[in-house]
>>> print(open('final29.txt').read())   # compact mmCIF, C-alpha atoms
# COMPACT_ATOMS: atom_id res chain seq x y z
CA MET Y 200 -15.37 -17.89 6.23
CA ASP Y 201 -14.09 -15.76 3.33
CA THR Y 202 -11.30 -13.89 5.13
CA LYS Y 203 -10.27 -12.05 1.96
CA ALA Y 204 -13.72 -10.47 1.67
CA LEU Y 205 -13.71 -9.79 5.43
CA ARG Y 206 -10.39 -7.89 5.14
CA GLN Y 207 -11.77 -5.79 2.31
CA LYS Y 208 -14.89 -4.97 4.32
CA ILE Y 209 -12.79 -3.85 7.29
CA LEU Y 210 -10.63 -1.68 5.01
CA ASP Y 211 -13.76 -0.10 3.52
CA LEU Y 212 -15.14 0.69 6.97
CA ALA Y 213 -11.78 2.15 8.02
CA ILE Y 214 -11.53 4.65 5.15
CA ARG Y 215 -15.19 5.72 5.56
CA GLY Y 216 -14.84 6.60 9.25
CA LYS Y 217 -16.97 3.67 10.41
CA LEU Y 218 -14.38 1.40 12.02
CA VAL Y 219 -13.86 3.39 15.24
CA PRO Y 220 -15.90 6.19 16.86
CA GLN Y 221 -15.04 9.84 16.29
CA ASP Y 222 -13.88 12.02 19.16
CA PRO Y 223 -15.23 15.63 19.06
CA ASN Y 224 -12.07 16.73 20.89
CA ASP Y 225 -9.84 15.68 17.98
CA GLU Y 226 -8.05 18.45 16.11
CA PRO Y 227 -9.84 18.55 12.70
CA ALA Y 228 -8.03 17.23 9.63
CA SER Y 229 -8.04 20.74 8.13
CA VAL Y 230 -5.47 21.85 10.72
CA LEU Y 231 -3.22 18.91 9.89
CA LEU Y 232 -3.54 19.71 6.19
CA GLU Y 233 -2.40 23.29 6.81
CA ARG Y 234 0.76 21.94 8.42
CA ILE Y 235 1.27 19.57 5.49
CA ARG Y 236 0.83 22.42 2.99
CA ALA Y 237 3.40 24.50 4.88
CA GLU Y 238 5.86 21.59 4.82
CA LYS Y 239 5.25 21.09 1.11
CA GLU Y 240 5.89 24.79 0.40
CA ARG Y 241 9.12 24.60 2.39
CA LEU Y 242 10.34 21.62 0.34
CA ILE Y 243 9.42 23.41 -2.89
CA ALA Y 244 11.28 26.55 -1.81
CA GLU Y 245 14.36 24.47 -0.99
CA GLY Y 246 14.20 22.79 -4.39
CA LYS Y 247 13.72 19.33 -2.91
CA ILE Y 248 10.43 18.76 -4.75
CA LYS Y 249 8.70 20.39 -7.70
CA ARG Y 250 5.30 22.04 -7.66
CA HIS Y 251 2.57 20.22 -9.51
CA LYS Y 252 2.14 21.86 -12.92
CA LYS Y 253 -1.59 22.50 -12.51
CA ALA Y 254 -1.34 24.09 -9.06
CA LYS Y 255 -0.26 27.71 -8.47
CA SER Y 256 0.43 26.92 -4.83
CA SER Y 257 0.05 23.99 -2.46
CA SER Y 258 -3.10 25.56 -1.02
CA SER Y 259 -4.86 25.90 -4.39
CA GLU Y 260 -8.41 24.54 -4.21
CA SER Y 261 -9.20 24.82 -7.93
CA HIS Y 262 -8.66 21.13 -8.56
CA TYR Y 263 -11.56 20.26 -6.20
CA GLN Y 264 -14.24 22.28 -7.99
CA ASN Y 265 -15.63 19.41 -10.07
CA PHE Y 266 -15.09 16.71 -7.47
CA THR Y 267 -18.12 14.74 -6.27
CA PRO Y 268 -17.39 12.70 -3.11
CA PRO Y 269 -18.09 8.99 -3.72
CA PHE Y 270 -19.33 8.52 -0.15
CA PRO Y 271 -19.95 10.67 2.96
CA ILE Y 272 -17.23 11.12 5.57
CA PRO Y 273 -17.27 12.52 9.13
CA ASP Y 274 -17.36 16.31 9.50
CA SER Y 275 -13.84 16.42 10.95
CA TRP Y 276 -12.38 14.67 7.88
CA GLU Y 277 -11.31 16.24 4.57
CA TRP Y 278 -11.12 15.05 0.97
CA VAL Y 279 -7.65 15.47 -0.56
CA LYS Y 280 -5.70 14.26 -3.53
CA LEU Y 281 -2.94 11.80 -2.70
CA GLU Y 282 -0.40 14.22 -4.25
CA ASP Y 283 -1.51 16.86 -1.71
CA VAL Y 284 -0.32 14.74 1.23
CA ALA Y 285 2.54 12.77 -0.32
CA SER Y 286 5.29 13.28 -2.87
CA ILE Y 287 5.22 10.65 -5.62
CA GLY Y 288 8.24 9.71 -7.69
CA THR Y 289 9.68 6.76 -9.54
CA GLY Y 290 13.08 5.44 -10.53
CA SER Y 291 15.09 3.78 -13.25
CA THR Y 292 16.83 0.56 -14.22
CA PRO Y 293 20.53 1.24 -14.84
CA SER Y 294 21.77 -0.42 -18.04
CA LYS Y 295 22.72 -4.04 -17.39
CA GLY Y 296 25.34 -3.65 -20.07
CA ASN Y 297 27.28 -1.17 -17.94
CA LYS Y 298 29.04 -3.25 -15.29
CA SER Y 299 30.14 -0.13 -13.44
CA TYR Y 300 26.49 0.45 -12.47
CA TYR Y 301 26.18 -2.74 -10.43
CA GLY Y 302 27.92 -4.32 -7.46
CA GLY Y 303 27.91 -1.23 -5.28
CA ASN Y 304 26.39 -0.74 -1.84
CA ILE Y 305 23.16 1.08 -2.79
CA ASN Y 306 19.98 -0.98 -2.45
CA TRP Y 307 17.81 -1.19 -5.57
CA VAL Y 308 14.41 -2.86 -5.91
CA GLY Y 309 12.08 -3.86 -8.75
CA SER Y 310 8.30 -4.22 -8.73
CA SER Y 311 8.52 -7.89 -7.69
CA VAL Y 312 9.06 -6.74 -4.09
CA THR Y 313 5.46 -5.47 -3.95
CA SER Y 314 4.22 -9.05 -3.52
CA LYS Y 315 5.22 -8.83 0.17
CA PRO Y 316 3.96 -6.33 2.81
CA PHE Y 317 7.49 -5.09 3.59
CA VAL Y 318 10.89 -4.89 1.88
CA TYR Y 319 13.84 -6.07 3.97
CA LYS Y 320 16.20 -7.13 1.18
CA PRO Y 321 17.05 -5.43 -2.14
CA THR Y 322 16.59 -6.97 -5.57
CA ASP Y 323 20.10 -5.83 -6.51
CA TYR Y 324 22.86 -3.40 -5.57
CA ILE Y 325 23.88 -0.39 -7.67
CA THR Y 326 26.82 2.02 -7.50
CA ASP Y 327 27.19 5.72 -6.83
CA LEU Y 328 27.91 6.13 -10.55
CA ALA Y 329 24.54 4.57 -11.43
CA LEU Y 330 22.85 6.96 -9.01
CA LYS Y 331 24.67 9.91 -10.60
CA GLU Y 332 24.12 9.02 -14.26
CA THR Y 333 20.56 7.60 -14.20
CA ASN Y 334 17.17 8.66 -12.84
CA CYS Y 335 17.53 6.46 -9.76
CA VAL Y 336 16.63 8.09 -6.44
CA VAL Y 337 17.30 6.59 -3.01
CA TYR Y 338 14.06 6.62 -1.00
CA PRO Y 339 13.99 6.50 2.81
CA ILE Y 340 12.68 3.81 5.12
CA GLY Y 341 8.90 4.05 5.36
CA THR Y 342 8.39 4.95 1.69
CA LEU Y 343 5.41 3.15 0.15
CA VAL Y 344 6.21 1.43 -3.15
CA MET Y 345 3.46 0.57 -5.66
CA ALA Y 346 3.82 -1.52 -8.81
CA MET Y 347 2.60 0.45 -11.84
CA TYR Y 348 3.01 -2.28 -14.49
CA GLY Y 349 1.97 -5.89 -14.83
CA GLU Y 350 -1.04 -8.06 -15.42
CA GLY Y 351 -1.88 -10.81 -12.96
CA LYS Y 352 -1.90 -9.41 -9.43
CA THR Y 353 1.18 -7.18 -9.69
CA ARG Y 354 -0.21 -3.85 -10.92
CA GLY Y 355 -1.47 -1.85 -7.93
CA GLN Y 356 0.30 -4.00 -5.32
CA LEU Y 357 1.78 -2.06 -2.42
CA THR Y 358 4.69 -2.60 -0.08
CA GLU Y 359 6.69 -0.54 2.44
CA LEU Y 360 10.45 -0.04 2.49
CA LYS Y 361 12.17 -1.21 5.65
CA ILE Y 362 15.51 -0.34 4.05
CA GLU Y 363 16.66 2.70 2.11
CA ALA Y 364 16.44 1.83 -1.59
CA ALA Y 365 16.20 3.10 -5.15
CA THR Y 366 13.47 1.68 -7.39
CA ASN Y 367 13.03 0.87 -11.04
CA GLN Y 368 10.73 2.76 -13.42
CA ALA Y 369 7.90 0.26 -12.87
CA CYS Y 370 7.43 1.44 -9.29
CA ALA Y 371 5.82 4.53 -7.79
CA ALA Y 372 7.51 5.70 -4.58
CA ILE Y 373 5.04 7.43 -2.25
CA LYS Y 374 6.50 9.55 0.58
CA PRO Y 375 3.92 11.16 2.92
CA TYR Y 376 4.81 14.73 3.92
CA ASP Y 377 3.58 13.91 7.43
CA THR Y 378 5.22 10.63 8.45
CA ASP Y 379 2.55 10.01 11.11
CA SER Y 380 -0.04 9.76 8.31
CA LYS Y 381 1.87 7.03 6.46
CA ASP Y 382 -0.06 4.10 7.94
CA PHE Y 383 -3.48 5.54 7.08
CA ILE Y 384 -2.37 6.40 3.53
CA LYS Y 385 -1.12 2.83 3.21
CA LEU Y 386 -4.46 1.53 4.48
CA PHE Y 387 -6.31 3.67 1.94
CA LEU Y 388 -4.18 2.41 -0.97
CA LEU Y 389 -4.65 -1.20 0.12
CA ALA Y 390 -8.42 -0.64 0.27
CA ASN Y 391 -8.35 0.78 -3.27
CA TYR Y 392 -6.21 -1.90 -4.93
CA TYR Y 393 -8.91 -2.87 -7.45
CA HIS Y 394 -9.89 0.75 -8.15
CA LEU Y 395 -6.26 1.67 -8.85
CA ARG Y 396 -5.91 -1.23 -11.28
CA GLN Y 397 -8.91 0.08 -13.23
CA LEU Y 398 -7.22 3.47 -13.66
CA ALA Y 399 -4.46 1.89 -15.77
CA GLU Y 400 -4.24 2.84 -19.43
CA GLY Y 401 -2.60 1.30 -22.46
CA GLY Y 402 -3.07 -1.33 -25.13
CA ASN Y 403 -1.90 -4.88 -24.56
CA GLN Y 404 -0.53 -4.11 -21.10
CA PRO Y 405 -2.38 -1.31 -19.25
CA ASN Y 406 -0.12 0.66 -16.89
CA LEU Y 407 -0.50 3.11 -14.07
CA ASN Y 408 1.59 6.28 -13.87
CA ILE Y 409 2.45 8.69 -11.07
CA GLY Y 410 -0.10 11.21 -12.39
CA LYS Y 411 -2.93 8.69 -12.09
CA ILE Y 412 -1.80 7.62 -8.63
CA GLY Y 413 -1.25 11.16 -7.35
CA GLY Y 414 -4.60 12.31 -8.69
CA ILE Y 415 -6.69 9.81 -6.75
CA TYR Y 416 -8.95 11.42 -4.12
CA MET Y 417 -8.83 10.07 -0.60
CA PRO Y 418 -10.62 10.83 2.69
CA PHE Y 419 -8.25 12.22 5.32
CA PRO Y 420 -9.06 11.93 9.05
CA PRO Y 421 -7.65 13.87 12.03
CA ILE Y 422 -4.29 12.45 13.08
CA GLU Y 423 -5.68 11.16 16.41
CA GLU Y 424 -8.39 9.23 14.60
CA GLN Y 425 -5.86 7.90 12.11
CA ARG Y 426 -4.02 6.32 15.02
CA ARG Y 427 -7.24 4.81 16.44
CA ILE Y 428 -8.14 3.42 13.02
CA ILE Y 429 -4.74 1.80 12.58
CA ASN Y 430 -4.87 0.28 16.08
CA GLY Y 431 -8.38 -1.05 15.46
CA TYR Y 432 -7.46 -2.45 12.07
CA ASN Y 433 -4.31 -4.15 13.40
CA LYS Y 434 -6.30 -5.89 16.14
CA LEU Y 435 -8.84 -7.20 13.62
CA GLU Y 436 -6.07 -8.19 11.21
CA HIS Y 437 -4.46 -10.24 13.98
CA ILE Y 438 -7.75 -12.09 14.54
CA ILE Y 439 -8.17 -12.77 10.81
CA ASN Y 440 -4.60 -14.06 10.57
CA SER Y 441 -5.36 -16.43 13.46
CA ILE Y 442 -8.42 -17.70 11.58
CA ASP Y 443 -6.30 -18.28 8.46
CA ASP Y 444 -3.64 -20.11 10.48
CA SER Y 445 -6.25 -22.31 12.18
CA ARG Y 446 -7.83 -23.09 8.81
CA ASP Y 447 -4.44 -24.12 7.43
CA VAL Y 448 -3.85 -26.42 10.40
CA LEU Y 449 -7.33 -27.96 9.97
CA SER Y 450 -6.77 -28.39 6.22
CA ASP Y 451 -3.50 -30.22 6.87
CA PHE Y 452 -5.19 -32.42 9.48
CA VAL Y 453 -8.01 -33.36 7.08
CA PHE Y 454 -5.53 -34.10 4.27
CA ASN Y 455 -3.35 -36.30 6.52
CA THR Y 456 -6.40 -38.09 7.90
CA LYS Y 457 -7.69 -38.89 4.39
CA SER Y 458 -4.25 -40.14 3.38
CA LYS Y 459 -4.08 -42.38 6.46
CA ILE Y 460 -7.57 -43.78 5.80
CA LEU Y 461 -6.60 -44.64 2.20
CA GLU Y 462 -3.37 -46.23 3.43
CA LEU Y 463 -5.25 -48.40 5.95
CA ALA Y 464 -7.81 -49.36 3.30
CA MET Y 465 -5.11 -50.49 0.86
CA GLN Y 466 -3.41 -52.51 3.62
CA GLY Y 467 -6.63 -54.27 4.59
CA LYS Y 468 -6.62 -52.65 8.00
CA LEU Y 469 -9.62 -50.33 7.67
CA VAL Y 470 -12.33 -52.96 8.40
CA PRO Y 471 -12.12 -56.47 9.95
CA GLN Y 472 -11.75 -59.48 7.66
CA ASP Y 473 -14.51 -62.11 7.52
CA PRO Y 474 -13.21 -65.73 7.33
CA ALA Y 475 -16.48 -66.68 5.62
CA ASP Y 476 -15.65 -64.47 2.59
>>> encode(input="final29.txt", output="C-alpha cells")
Amino acid sequence: MDTKALRQKILDLAIRGKLVPQDPNDEPASVLLERIRAEKERLIAEGKIKRHKKAKSSSSESHYQNFTPPFPIPDSWEWVKLEDVASIGTGSTPSKGNKSYYGGNINWVGSSVTSKPFVYKPTDYITDLALKETNCVVYPIGTLVMAMYGEGKTRGQLTELKIEAATNQACAAIKPYDTDSKDFIKLFLLANYYHLRQLAEGGNQPNLNIGKIGGIYMPFPPIEEQRRIINGYNKLEHIINSIDDSRDVLSDFVFNTKSKILELAMQGKLVPQDPAD
C-alpha cells in the first residue's frame, strides 16, 4: 500500500469538502470571514499589521474578479486568499560576526526545522539587541512556518511552532487571524505542498516569497466543519501511521529472517548432510 499517495488523497478530499458530511445547521463561512475581517481591521488600526498594498480595505472584493475556482466546493464554504485569513511575515539572520546578537534567551529557528511537523527546540538563541537592531520578529506558539528556499524537499515544507520563536529570512511565518482555523489552514498548505513549490521563481535556485504564499487561493469551510474535518483526518492519519509502523516491523522481520537463513547456510545447518556425498 502506497501510504504517501493515500495521505495525499485524504488531504485532497478534506480541502474539497468530501471527507466529512456537511451540516445545514452550520454557521456559513461568510459569517466567520466577517469576524476575521473585523479582527484584521482592528489590528491595522492599532498598527500591529499593515494593510496589503492592493487592497483599500480588508473587505475589498476586487482581487477576486478574475478568479476561476479550480474545483467546486460546498455552498456554505467560501474562496479566500491566504492573506485574507492569516498575516504572513518573515524574519532575519542576525550577523554571525556580531557576538552580541547571540547567546541570549530568545528562540530563533532556521528553515531546517520545517522537516519535522512541530518545533520544540530552537536552532539558536539570540539577544534582545538582535531583536532590536534586525528584522527578527518573535512569533507566538501555533504560528505555521514554511520554508521559502531550497531545492530537494525543503522548499514548501511546513511546520508549527510549539515554542515562541523568531525565524530567519528563508521562512514564512503564517499567523491565522482566527486561531481556531489554524489546523484547517495547516491542512490546506500540506495538501498544496507540490503546488506551492511550483510557484517559486528564480534562476538556479527558485524561491517562494510571502507575496506568492499570501496570494494563494484556498477554500474556507464553516468553523464547525473545519473541526469535523480535522477530527476525521486525524483518525485516518492514526490508521495510516499504524500501517507504516506495521510495515516497518514486517520489513525488519523479513530482513532478520533472510540474514538468519544465510547464516545457517554458511554454517552448514540449513539442510541435512548426506554421508554419501
>>> closest_residue(input="final29.txt", among="Y:Lys208, Y:Val284, Y:Gln404, Y:Gln425", to="Arg234 in chain Y", atoms="all atoms listed in the file")
Y:Val284
>>> closest_residue(input="final29.txt", among="Y:Val318, Y:Tyr393, Y:Val336, Y:Tyr376", to="Thr358 in chain Y", atoms="all atoms listed in the file")
Y:Val318
>>> residues_near_point(input="final29.txt", point="(15.1, 6.6, 4.1)", cutoff="10 Å", atoms="only C-alpha atoms", output="VMD selection string")
chain Y and resid 337 to 342 360 to 365 374
>>> residues_around(input="final29.txt", residues="Asn297 in chain Y", least_positions_apart="2", cutoff="12 Å", atoms="only C-alpha atoms", output="list in words")
Thr292, Pro293, Ser294, Lys295, Ser299, Tyr300, Tyr301, Gly302, Ile325, Thr326, Leu328, Ala329, Glu332 and Thr333 of chain Y
>>> closest_residue(input="final29.txt", among="Y:Ile422, Y:Leu212, Y:Ile248, Y:Ile438", to="Leu231 in chain Y", atoms="all atoms listed in the file")
Y:Ile422
>>> residues_around(input="final29.txt", residues="range 214-223 of chain Y", least_positions_apart="2", cutoff="12 Å", atoms="all atoms listed in the file", output="ChimeraX atom specification")
/Y:207-212,225-228,268-278,382-391,416-435
>>> atom_distance(input="final29.txt", atom1="CA of His394 in chain Y", atom2="CA of Gly355 in chain Y")
8.8 Å
>>> atom_distance(input="final29.txt", atom1="CA of Lys239 in chain Y", atom2="CA of Gly413 in chain Y")
14.6 Å
